[in-house]
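Here is final39.txt, consisting of compact mmCIF, C-alpha atoms:
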# COMPACT_ATOMS: atom_id res chain seq x y z
CA MET A 152 -1.67 35.35 4.42
CA THR A 153 -1.71 37.63 7.47
CA ALA A 154 1.35 36.88 9.60
CA THR A 155 0.84 36.99 13.37
CA ILE A 156 3.95 38.22 15.17
CA LEU A 157 4.48 38.04 18.92
CA VAL A 158 6.89 40.70 20.22
CA VAL A 159 8.36 39.91 23.65
CA ASP A 160 10.10 42.83 25.37
CA ASP A 161 9.75 44.62 28.70
CA GLU A 162 10.38 48.11 27.32
CA PRO A 163 7.13 50.07 27.90
CA ASP A 164 7.40 52.24 24.77
CA LEU A 165 8.16 49.45 22.27
CA GLU A 166 4.55 48.40 21.63
CA ALA A 167 3.46 51.88 20.52
CA LEU A 168 6.62 52.27 18.44
CA VAL A 169 6.12 48.95 16.58
CA LEU A 170 2.45 49.70 15.88
CA GLN A 171 3.40 53.12 14.55
CA LYS A 172 6.26 51.87 12.32
CA PHE A 173 4.18 48.99 10.86
CA ARG A 174 0.85 50.82 10.61
CA LYS A 175 0.67 50.47 6.80
CA GLN A 176 1.36 46.70 6.87
CA ILE A 177 -1.21 46.32 9.65
CA ARG A 178 -3.78 48.36 7.71
CA ASP A 179 -3.14 46.29 4.55
CA GLY A 180 -3.65 43.04 6.50
CA ALA A 181 -0.09 41.82 5.89
CA VAL A 182 0.77 41.49 9.60
CA THR A 183 -0.82 41.63 13.01
CA PHE A 184 1.11 42.09 16.26
CA MET A 185 0.72 40.69 19.76
CA PHE A 186 2.86 41.72 22.74
CA ALA A 187 4.22 40.10 25.90
CA HIS A 188 6.56 41.50 28.57
CA ASP A 189 8.56 38.38 29.46
CA GLY A 190 9.02 34.72 28.56
CA ILE A 191 6.31 33.37 30.88
CA GLU A 192 3.73 35.79 29.49
CA ALA A 193 4.86 34.89 25.94
CA LEU A 194 4.36 31.14 26.52
CA GLN A 195 0.88 31.76 27.91
CA SER A 196 0.04 33.98 24.96
CA ILE A 197 1.15 31.25 22.48
CA GLU A 198 -0.90 28.67 24.38
CA ASP A 199 -3.95 30.94 24.09
CA HIS A 200 -3.20 31.85 20.44
CA PRO A 201 -1.45 28.87 18.78
CA HIS A 202 -1.76 30.54 15.37
CA VAL A 203 1.25 32.79 16.18
CA ASP A 204 3.62 32.54 13.20
CA MET A 205 6.82 34.01 14.61
CA VAL A 206 8.36 35.51 17.74
CA VAL A 207 10.60 38.56 18.11
CA SER A 208 12.16 38.43 21.58
CA ASP A 209 14.56 40.53 23.62
CA ILE A 210 17.11 38.63 25.77
CA ASN A 211 17.14 40.57 29.05
CA MET A 212 13.67 40.35 30.66
CA PRO A 213 12.33 39.63 34.17
CA ARG A 214 11.00 36.17 35.26
CA MET A 215 12.08 34.38 32.06
CA ASP A 216 14.71 35.77 29.70
CA GLY A 217 14.73 35.45 25.91
CA LEU A 218 17.24 32.57 25.76
CA SER A 219 15.15 30.49 28.16
CA LEU A 220 12.03 31.33 26.15
CA LEU A 221 13.82 30.30 22.96
CA GLN A 222 14.71 26.94 24.48
CA LYS A 223 11.08 26.36 25.52
CA LEU A 224 9.86 27.29 22.04
CA GLN A 225 12.26 24.83 20.40
CA GLU A 226 11.16 22.04 22.74
CA ALA A 227 7.52 22.48 21.67
CA GLU A 228 6.01 20.30 18.95
CA ASP A 229 5.01 23.38 16.93
CA LYS A 230 8.33 25.24 16.88
CA LYS A 231 8.00 28.97 16.30
CA SER A 232 10.49 30.78 14.08
CA THR A 233 12.20 33.20 16.47
CA ILE A 234 14.20 36.40 16.00
CA ILE A 235 16.38 37.24 19.00
CA VAL A 236 17.19 40.89 19.84
CA SER A 237 20.52 41.39 21.59
CA ALA A 238 22.68 44.26 22.73
CA TYR A 239 25.16 45.42 20.09
CA GLY A 240 28.36 43.37 20.19
CA ASP A 241 26.99 40.72 22.59
CA MET A 242 28.33 37.84 20.49
CA SER A 243 28.20 35.33 23.34
CA ASN A 244 24.41 35.60 23.67
CA ILE A 245 23.96 35.74 19.90
CA ARG A 246 26.00 32.53 19.52
CA THR A 247 23.94 30.85 22.26
CA ALA A 248 20.68 31.96 20.59
CA MET A 249 21.68 30.59 17.19
CA ASN A 250 22.79 27.30 18.77
CA ARG A 251 19.38 27.02 20.44
CA GLY A 252 17.56 27.36 17.12
CA ALA A 253 16.97 31.09 16.60
CA PHE A 254 16.10 31.83 12.99
CA ASP A 255 17.87 35.20 12.98
CA PHE A 256 19.01 38.01 15.31
CA LEU A 257 18.94 41.79 15.54
CA THR A 258 20.95 44.20 17.68
CA LYS A 259 19.80 47.10 19.85
CA PRO A 260 19.00 49.87 19.34
CA ILE A 261 16.59 48.34 16.80
CA ASP A 262 16.83 49.61 13.24
CA PHE A 263 13.18 49.33 12.13
CA GLY A 264 14.17 49.06 8.48
CA ASP A 265 16.36 46.08 9.39
CA LEU A 266 13.53 44.69 11.53
CA GLU A 267 11.10 44.93 8.60
CA MET A 268 13.47 43.09 6.23
CA THR A 269 14.16 40.40 8.84
CA ILE A 270 10.44 39.93 9.48
CA ASP A 271 9.79 39.65 5.72
CA LYS A 272 12.53 37.03 5.39
CA THR A 273 11.16 35.09 8.37
CA ILE A 274 7.60 35.19 7.00
CA ARG A 275 8.85 33.72 3.70
CA HIS A 276 10.57 30.97 5.69
CA VAL A 277 7.37 30.29 7.67
CA GLU A 278 5.35 30.08 4.44
CA MET A 279 7.91 27.73 2.89
CA MET A 280 7.83 25.47 5.96
CA ARG A 281 4.01 25.48 5.93
CA GLU A 282 3.97 24.47 2.28
CA ALA A 283 6.49 21.71 2.95
CA ARG A 284 4.34 20.47 5.84
CA ARG A 285 1.21 20.62 3.67
CA ARG A 286 2.95 18.54 0.99
CA GLN A 287 4.13 16.10 3.63
CA LEU A 288 0.59 15.68 4.99
CA GLU A 289 -0.76 15.19 1.47
CA ALA A 290 1.91 12.57 0.83
CA GLU A 291 1.07 10.83 4.10
CA ARG A 292 -2.64 10.79 3.23
CA ALA A 293 -1.85 9.52 -0.26
CA HIS A 294 0.44 6.86 1.19
CA ALA A 295 -2.27 5.74 3.61
CA SER A 296 -4.74 5.43 0.73
CA LEU A 297 -2.29 3.71 -1.61
CA SER A 298 -1.19 1.28 1.10
CA ARG A 299 -4.58 -0.42 0.77
CA TYR A 300 -3.60 -1.53 -2.74
CA PHE A 301 0.18 -1.56 -3.00
CA SER A 302 3.16 -2.94 -1.12
CA PRO A 303 4.88 -0.43 1.20
CA GLN A 304 7.70 0.08 -1.32
CA ILE A 305 5.35 0.81 -4.24
CA ALA A 306 3.00 2.92 -2.11
CA ALA A 307 5.87 5.10 -0.90
CA ARG A 308 7.07 5.65 -4.47
CA LEU A 309 3.61 6.49 -5.78
CA ALA A 310 2.93 8.87 -2.89
CA ALA A 311 6.20 10.67 -3.60
CA GLU A 312 5.75 10.82 -7.38
CA GLY A 313 2.01 11.53 -7.41
CA GLU A 314 -0.95 9.57 -8.70
CA GLY A 315 -0.24 10.50 -12.31
CA ASP A 316 2.61 7.99 -12.50
CA GLY A 317 1.01 4.78 -13.80
CA MET A 318 -2.45 5.63 -12.43
CA GLU A 319 -4.01 6.67 -15.75
CA VAL A 320 -6.06 3.99 -17.52
CA HIS A 321 -3.95 2.22 -20.16
CA TRP A 322 -3.28 -1.20 -21.70
CA ARG A 323 -0.51 -3.11 -20.00
CA ASP A 324 0.84 -6.67 -19.87
CA VAL A 325 0.16 -8.09 -16.41
CA ALA A 326 0.04 -11.30 -14.46
CA ALA A 327 -3.21 -11.64 -12.54
CA ILE A 328 -4.26 -13.82 -9.62
CA PHE A 329 -7.79 -14.49 -8.42
CA THR A 330 -8.49 -16.17 -5.10
CA ASP A 331 -11.79 -17.37 -3.68
CA ILE A 332 -12.88 -19.50 -0.71
CA ALA A 333 -14.87 -22.66 -1.30
CA GLY A 334 -18.17 -22.77 0.59
CA PHE A 335 -17.87 -19.25 1.92
CA THR A 336 -21.58 -18.48 1.38
CA SER A 337 -22.54 -21.36 3.69
CA LEU A 338 -20.08 -20.12 6.29
CA VAL A 339 -21.62 -16.63 6.17
CA GLU A 340 -25.07 -18.12 6.82
CA THR A 341 -23.98 -20.24 9.79
CA ALA A 342 -21.15 -18.38 11.58
CA ALA A 343 -21.78 -15.85 14.34
CA PRO A 344 -21.20 -12.27 13.10
CA GLU A 345 -18.35 -11.61 15.56
CA VAL A 346 -16.61 -14.84 14.50
CA LEU A 347 -17.09 -14.10 10.80
CA GLY A 348 -15.74 -10.55 11.19
CA THR A 349 -12.61 -11.71 13.00
CA LEU A 350 -12.14 -14.58 10.56
CA LEU A 351 -12.43 -12.53 7.39
CA ASN A 352 -10.35 -9.61 8.66
CA GLU A 353 -7.54 -11.94 9.66
CA TYR A 354 -7.78 -13.84 6.36
CA VAL A 355 -7.73 -10.77 4.10
CA GLY A 356 -4.98 -9.15 6.18
CA GLY A 357 -2.80 -12.24 6.03
CA MET A 358 -3.35 -12.79 2.30
CA THR A 359 -2.56 -9.12 1.63
CA ASP A 360 0.69 -9.40 3.60
CA VAL A 361 1.70 -12.32 1.37
CA VAL A 362 0.92 -10.31 -1.77
CA PHE A 363 2.88 -7.31 -0.52
CA ALA A 364 5.86 -9.53 0.32
CA HIS A 365 6.04 -10.26 -3.43
CA GLU A 366 5.41 -6.56 -4.25
CA GLY A 367 2.07 -7.34 -5.84
CA THR A 368 -0.94 -5.03 -6.12
CA VAL A 369 -4.25 -5.82 -4.44
CA ALA A 370 -6.66 -4.56 -7.09
CA LYS A 371 -9.92 -5.70 -5.49
CA VAL A 372 -11.25 -7.31 -2.33
CA ILE A 373 -14.87 -8.36 -2.66
CA GLY A 374 -15.92 -10.31 0.41
CA ASP A 375 -13.67 -13.36 0.43
CA ALA A 376 -12.42 -12.89 -3.18
CA ILE A 377 -9.13 -11.11 -3.91
CA GLN A 378 -7.83 -9.84 -7.26
CA ILE A 379 -4.06 -9.36 -7.50
CA LEU A 380 -1.86 -7.81 -10.19
CA PHE A 381 1.83 -7.94 -11.03
CA ASN A 382 3.67 -5.58 -13.38
CA ALA A 383 1.23 -2.83 -12.43
CA PRO A 384 1.53 0.01 -11.77
CA GLY A 385 5.32 -0.22 -12.14
CA ASP A 386 7.50 -2.43 -14.32
CA GLN A 387 8.37 -5.90 -12.98
CA PRO A 388 10.19 -7.82 -15.72
CA ASP A 389 9.85 -11.04 -13.68
CA TYR A 390 6.11 -10.57 -13.12
CA ALA A 391 5.16 -14.10 -14.16
CA THR A 392 7.72 -15.60 -11.77
CA ARG A 393 6.47 -13.34 -8.98
CA ALA A 394 2.87 -14.37 -9.65
CA ILE A 395 3.58 -18.11 -9.44
CA ALA A 396 5.72 -17.67 -6.31
CA CYS A 397 2.98 -15.55 -4.76
CA ALA A 398 0.34 -18.16 -5.62
CA HIS A 399 2.37 -20.86 -3.84
CA ASP A 400 2.77 -18.68 -0.74
CA LEU A 401 -0.93 -17.73 -0.74
CA ASP A 402 -1.81 -21.42 -0.93
CA ALA A 403 0.55 -22.34 1.92
CA TRP A 404 -0.65 -19.47 4.13
CA SER A 405 -4.34 -20.13 3.50
CA GLU A 406 -3.96 -23.86 4.24
CA LYS A 407 -2.31 -23.12 7.59
CA PHE A 408 -5.03 -20.57 8.30
CA ARG A 409 -7.74 -23.11 7.44
CA GLU A 410 -6.24 -25.78 9.68
CA ARG A 411 -5.90 -23.35 12.57
CA TRP A 412 -9.56 -22.34 12.39
CA LYS A 413 -10.62 -25.94 11.86
CA SER A 414 -9.04 -26.75 15.24
CA LYS A 415 -11.36 -24.08 16.70
CA GLY A 416 -14.40 -25.78 15.21
CA VAL A 417 -14.84 -23.46 12.22
CA ASN A 418 -15.12 -25.23 8.86
CA PHE A 419 -13.23 -22.74 6.67
CA GLY A 420 -13.11 -23.73 3.00
CA VAL A 421 -10.13 -24.29 0.70
CA THR A 422 -8.77 -21.20 -1.05
CA ARG A 423 -8.87 -21.66 -4.83
CA ILE A 424 -6.34 -19.72 -6.90
CA GLY A 425 -6.26 -18.89 -10.62
CA VAL A 426 -3.19 -17.38 -12.35
CA HIS A 427 -2.96 -15.98 -15.90
CA ALA A 428 -0.94 -13.42 -17.86
CA GLY A 429 -1.69 -11.12 -20.79
CA PRO A 430 -2.78 -7.59 -21.71
CA ALA A 431 -5.32 -5.79 -19.52
CA LEU A 432 -6.81 -2.33 -19.20
CA VAL A 433 -5.24 -1.06 -15.98
CA GLY A 434 -5.49 2.15 -13.99
CA ASN A 435 -7.57 4.24 -11.63
CA PHE A 436 -11.21 3.80 -12.62
CA GLY A 437 -12.49 5.88 -9.71
CA GLY A 438 -12.35 9.21 -11.52
CA SER A 439 -11.71 12.32 -9.44
CA ARG A 440 -14.08 11.36 -6.59
CA PHE A 441 -12.46 8.19 -5.27
CA PHE A 442 -9.50 5.91 -5.93
CA ASP A 443 -10.17 2.53 -7.57
CA TYR A 444 -7.03 1.04 -9.08
CA THR A 445 -7.98 -2.17 -10.89
CA ALA A 446 -7.86 -4.02 -14.23
CA TYR A 447 -10.36 -5.18 -16.84
CA GLY A 448 -10.27 -7.28 -19.98
CA ASP A 449 -10.13 -10.85 -21.25
CA THR A 450 -6.99 -11.59 -19.23
CA ILE A 451 -8.79 -10.72 -16.00
CA ASN A 452 -11.92 -12.69 -16.95
CA THR A 453 -9.82 -15.73 -17.84
CA THR A 454 -7.99 -15.54 -14.52
CA ALA A 455 -11.31 -15.63 -12.68
CA ARG A 456 -12.42 -18.67 -14.69
CA LEU A 457 -9.17 -20.49 -13.97
CA GLU A 458 -9.86 -19.94 -10.28
CA THR A 459 -13.32 -21.49 -10.75
CA ALA A 460 -11.83 -24.40 -12.70
CA ASN A 461 -10.17 -25.64 -9.50
CA LYS A 462 -13.63 -26.60 -8.21
CA PHE A 463 -14.01 -29.20 -11.01
CA LEU A 464 -10.37 -30.28 -11.19
CA GLY A 465 -9.90 -30.79 -7.46
CA THR A 466 -6.80 -28.59 -7.52
CA ARG A 467 -6.09 -25.49 -5.41
CA ILE A 468 -3.99 -23.61 -8.00
CA CYS A 469 -4.68 -23.52 -11.72
CA ALA A 470 -2.34 -21.52 -13.98
CA SER A 471 -2.43 -20.88 -17.73
CA ALA A 472 0.35 -21.75 -20.16
CA ALA A 473 0.79 -18.01 -20.74
CA VAL A 474 2.13 -17.54 -17.23
CA ALA A 475 3.71 -20.99 -16.75
CA GLU A 476 5.78 -20.77 -19.92
CA ALA A 477 7.06 -17.33 -18.91
CA VAL A 478 8.58 -18.75 -15.70
CA LYS A 479 12.10 -20.12 -16.12
CA GLY A 480 12.24 -23.64 -14.69
CA PHE A 481 8.49 -23.74 -14.03
CA GLN A 482 7.56 -26.69 -11.83
CA GLY A 483 4.11 -28.11 -12.33
CA ARG A 484 2.07 -30.64 -14.26
CA PRO A 485 -0.32 -30.22 -17.17
CA VAL A 486 -4.04 -30.21 -16.46
CA GLY A 487 -5.22 -30.25 -20.07
CA ASP A 488 -6.77 -27.92 -22.61
CA LEU A 489 -9.68 -26.16 -20.94
CA MET A 490 -12.63 -24.81 -22.88
CA LEU A 491 -13.51 -21.96 -20.54
CA ARG A 492 -16.78 -20.07 -20.69
CA GLY A 493 -16.53 -17.08 -22.97
CA ARG A 494 -13.53 -18.42 -24.91
CA SER A 495 -13.66 -19.99 -28.37
CA GLU A 496 -10.18 -21.54 -28.17
CA PRO A 497 -8.90 -24.08 -25.62
CA LEU A 498 -6.46 -22.87 -22.98
CA ARG A 499 -3.65 -25.13 -21.80
CA ALA A 500 -3.63 -25.13 -18.01
CA TYR A 501 -1.14 -26.35 -15.42
CA GLU A 502 -1.13 -27.15 -11.74
CA PRO A 503 1.93 -25.41 -10.23
CA LEU A 504 3.66 -27.62 -7.65
CA PRO A 505 6.00 -26.83 -4.77
CA PRO A 506 9.52 -28.29 -5.24
CA ALA A 507 9.05 -31.18 -2.80
CA LYS A 508 5.94 -32.45 -4.57
CA PHE A 509 7.27 -31.76 -8.07
CA GLU A 510 10.37 -33.85 -7.41
CA GLY A 511 8.37 -36.75 -5.93
CA PRO A 512 7.57 -39.99 -7.80
CA VAL A 513 3.89 -39.12 -8.21
CA THR A 514 4.75 -36.29 -10.65
CA ALA A 515 6.71 -38.56 -12.95
CA GLN A 516 3.95 -41.19 -12.83
CA TYR A 517 1.32 -38.54 -13.59
CA ALA A 518 3.39 -37.25 -16.54
CA GLU A 519 3.47 -40.74 -18.06
CA ALA A 520 -0.31 -41.19 -17.65
CA PHE A 521 -1.01 -37.71 -19.08
CA ALA A 522 1.23 -38.40 -22.10
CA LYS A 523 -0.85 -41.50 -22.84
CA LEU A 524 -4.07 -39.47 -22.46
CA GLU A 525 -2.78 -36.78 -24.81
CA ALA A 526 -1.74 -39.39 -27.39
CA GLY A 527 -5.15 -41.08 -27.27
CA ASP A 528 -3.57 -44.27 -25.91
CA ALA A 529 -6.08 -46.70 -24.37
CA ALA A 530 -3.49 -47.40 -21.68
CA ALA A 531 -4.26 -43.98 -20.18
CA MET A 532 -7.15 -45.35 -18.15
CA PRO A 533 -5.22 -48.13 -16.36
CA ALA A 534 -2.31 -45.70 -15.88
CA PHE A 535 -4.54 -43.20 -14.05
CA ALA A 536 -6.27 -46.03 -12.17
CA ALA A 537 -2.90 -47.24 -10.91
CA LEU A 538 -1.96 -43.69 -9.91
CA VAL A 539 -5.19 -43.18 -7.97
CA GLY A 540 -4.82 -46.59 -6.36
CA GLN A 541 -1.38 -45.63 -5.12
CA TYR A 542 -2.14 -41.98 -4.31
CA ALA A 543 -5.82 -41.78 -3.38
CA ASP A 544 -5.53 -38.10 -2.41
CA ASP A 545 -4.33 -37.03 -5.88
CA ALA A 546 -7.44 -35.10 -6.88
CA LEU A 547 -6.29 -34.21 -10.40
CA ALA A 548 -5.50 -37.84 -11.24
CA GLY A 549 -8.91 -38.80 -9.87
CA PHE A 550 -10.52 -36.16 -12.09
CA HIS A 551 -8.95 -37.62 -15.23
CA LEU A 552 -9.86 -41.18 -14.21
CA ARG A 553 -13.51 -40.19 -13.79
CA ARG A 554 -13.49 -38.52 -17.21
CA LEU A 555 -12.12 -41.67 -18.82
CA LEU A 556 -14.60 -43.88 -17.02
CA ASN A 557 -17.39 -41.64 -18.36
CA GLY A 558 -16.19 -42.13 -21.92
CA ALA A 559 -14.15 -38.92 -22.39
CA LYS A 560 -10.98 -38.97 -24.52
CA GLY A 561 -7.99 -36.72 -24.97
CA VAL A 562 -7.00 -33.67 -22.95
CA ARG A 563 -9.54 -31.16 -24.22
CA MET A 564 -12.34 -30.65 -21.72
CA GLN A 565 -15.36 -28.43 -21.25
CA LEU A 566 -15.84 -27.19 -17.71
CA GLU A 567 -19.29 -25.96 -16.69

Conversion result in structure tokens:
Amino acid sequence: MTATILVVDDEPDLEALVLQKFRKQIRDGAVTFMFAHDGIEALQSIEDHPHVDMVVSDINMPRMDGLSLLQKLQEAEDKKSTIIVSAYGDMSNIRTAMNRGAFDFLTKPIDFGDLEMTIDKTIRHVEMMREARRRQLEAERAHASLSRYFSPQIAARLAAEGEGDGMEVHWRDVAAIFTDIAGFTSLVETAAPEVLGTLLNEYVGGMTDVVFAHEGTVAKVIGDAIQILFNAPGDQPDYATRAIACAHDLDAWSEKFRERWKSKGVNFGVTRIGVHAGPALVGNFGGSRFFDYTAYGDTINTTARLETANKFLGTRICASAAVAEAVKGFQGRPVGDLMLRGRSEPLRAYEPLPPAKFEGPVTAQYAEAFAKLEAGDAAAMPAFAALVGQYADDALAGFHLRRLLNGAKGVRMQLE
């Protein structure tokens, strides 16, 4: 680095003296000098040459003295490290200079050996401050990038610790959520582009805010579909509980969003949500060229299929036993044993319920009907018929009644 030093002094012989004393450093490219004769000229010189690294300034000068210049330099956004030169024994001015932010001071007559050591020390300080600023800017850029995926708390930690912490690809137990909007393709084909842009930006932004409130990770956004992870990249011992709570809040937010746009004449579909837990291959799959923190594996595939299962079941949230059983005091009702595409074994699924609905009479009545269905009791059909007759909007009960009417038995079911 070649340090650019601005010397501010009204003594006519000083410029030649400085250039003579520092001729070797100038020849070696270690330093370069600029000169001004008072504070006003110095400020103009810095404006014209903002790359100036440091200022060496006398105090007593015409038009603007060194202390006034120092104050102006400290008020600027890009503060220059400043060495103040004062008369020997002038402690009052030296004290004022240090209080105004001077980096160091020298006394007249100038000892050029002392000046050289002070300049060297100041250059080291300037380099240290530049490096700190460079690291800060890198951290800010990293934080801005990471904030697309992680909650503000997690993004700040990752930016401070570096991408190596939890970013490498590795197997990890996670809870995953998939969300998708019913009928979104039809909406894309019919909505005006400006309406669709506003709609989708508001939707994804709002859903992301909900995820971040639970300190989840947004692993992917593909159109209207969102993939969410918990217990990645950092440890969250309660990740299953967080995932179910997040699913409830996503459901509540998306329903309010849907109703609001419906009142504007836009037929926005229901958001379907799948939740599952298990091992997944997690990390940055973007290599060195771009950042792509996501997850792969059977757990992720199953989560996506649980989201799709809602379309057949009539539910909005479908969660696996793996995540439901990990939540203390889980509130929900069994859906049945789903034979999902790509799986050879059935998967017990549940419909998570908010407290008000879980504690209502319909849940107890459903539990009785489902117990009969699971036991192979012929009374299951009239039990579900009575439930649907009393609660016509209970889509899951209606699903089971249709199955029974079509000759199905038990709780194991194949979903196409």

Note to self: Which residues are near region 345-351 of chain A? Cut-off 10 Å, only C-alpha atoms, ignore same chain within fewer than 4 positions. Put them as a PyMOL selection string.
What the structure shows: chain A and resi 338-341+355-357+374-375+408+412+417+419

Next item on the list: Please indicate the distance in Å from CA of His399 (chain A) to CA of Ala534 (chain A), rounded to one decimal place.
Entry: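 Atom-to-atom, CA of His399 (chain A) and CA of Ala534 (chain A) are spaced 28.0 Å apart.
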
Next item on the list: Return the single residue from A:Gln387, A:Thr368, A:Ser414, A:Gln176 that is closest to Glu267 (chain A), with distances computed using all atoms listed in the file.
Entry: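 Once distances to Glu267 (chain A) are computed over all atoms listed in the file, the minimum belongs to A:Gln176.
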
Next item on the list: Using only C-alpha atoms, give me every residue within 10 Å of (16.2, 35.6, 14.4) in file coordinates, as a ChimeraX atom specification.
Entry: /A:205-208,232-236,245,248-249,252-257,266,269-270,272-273

Next item on the list: Compare A:Thr330, A:Thr466, A:Ser495, A:Gln222 by their minimum atom-to-atom distance to Thr454 (chain A), counting all atoms listed in the file, and give me the closest one.
Entry: A:Thr330

Next item on the list: Compute the distance from (4.8, -18.5, -14.1) to each atom, counting only C-alpha atoms, keep the residues with any atom at most 10 Å away, and return them as number ranges by chain; use the coordinates of the file.
Entry: A: 326, 389-398, 426-428, 470-483, 501, 503
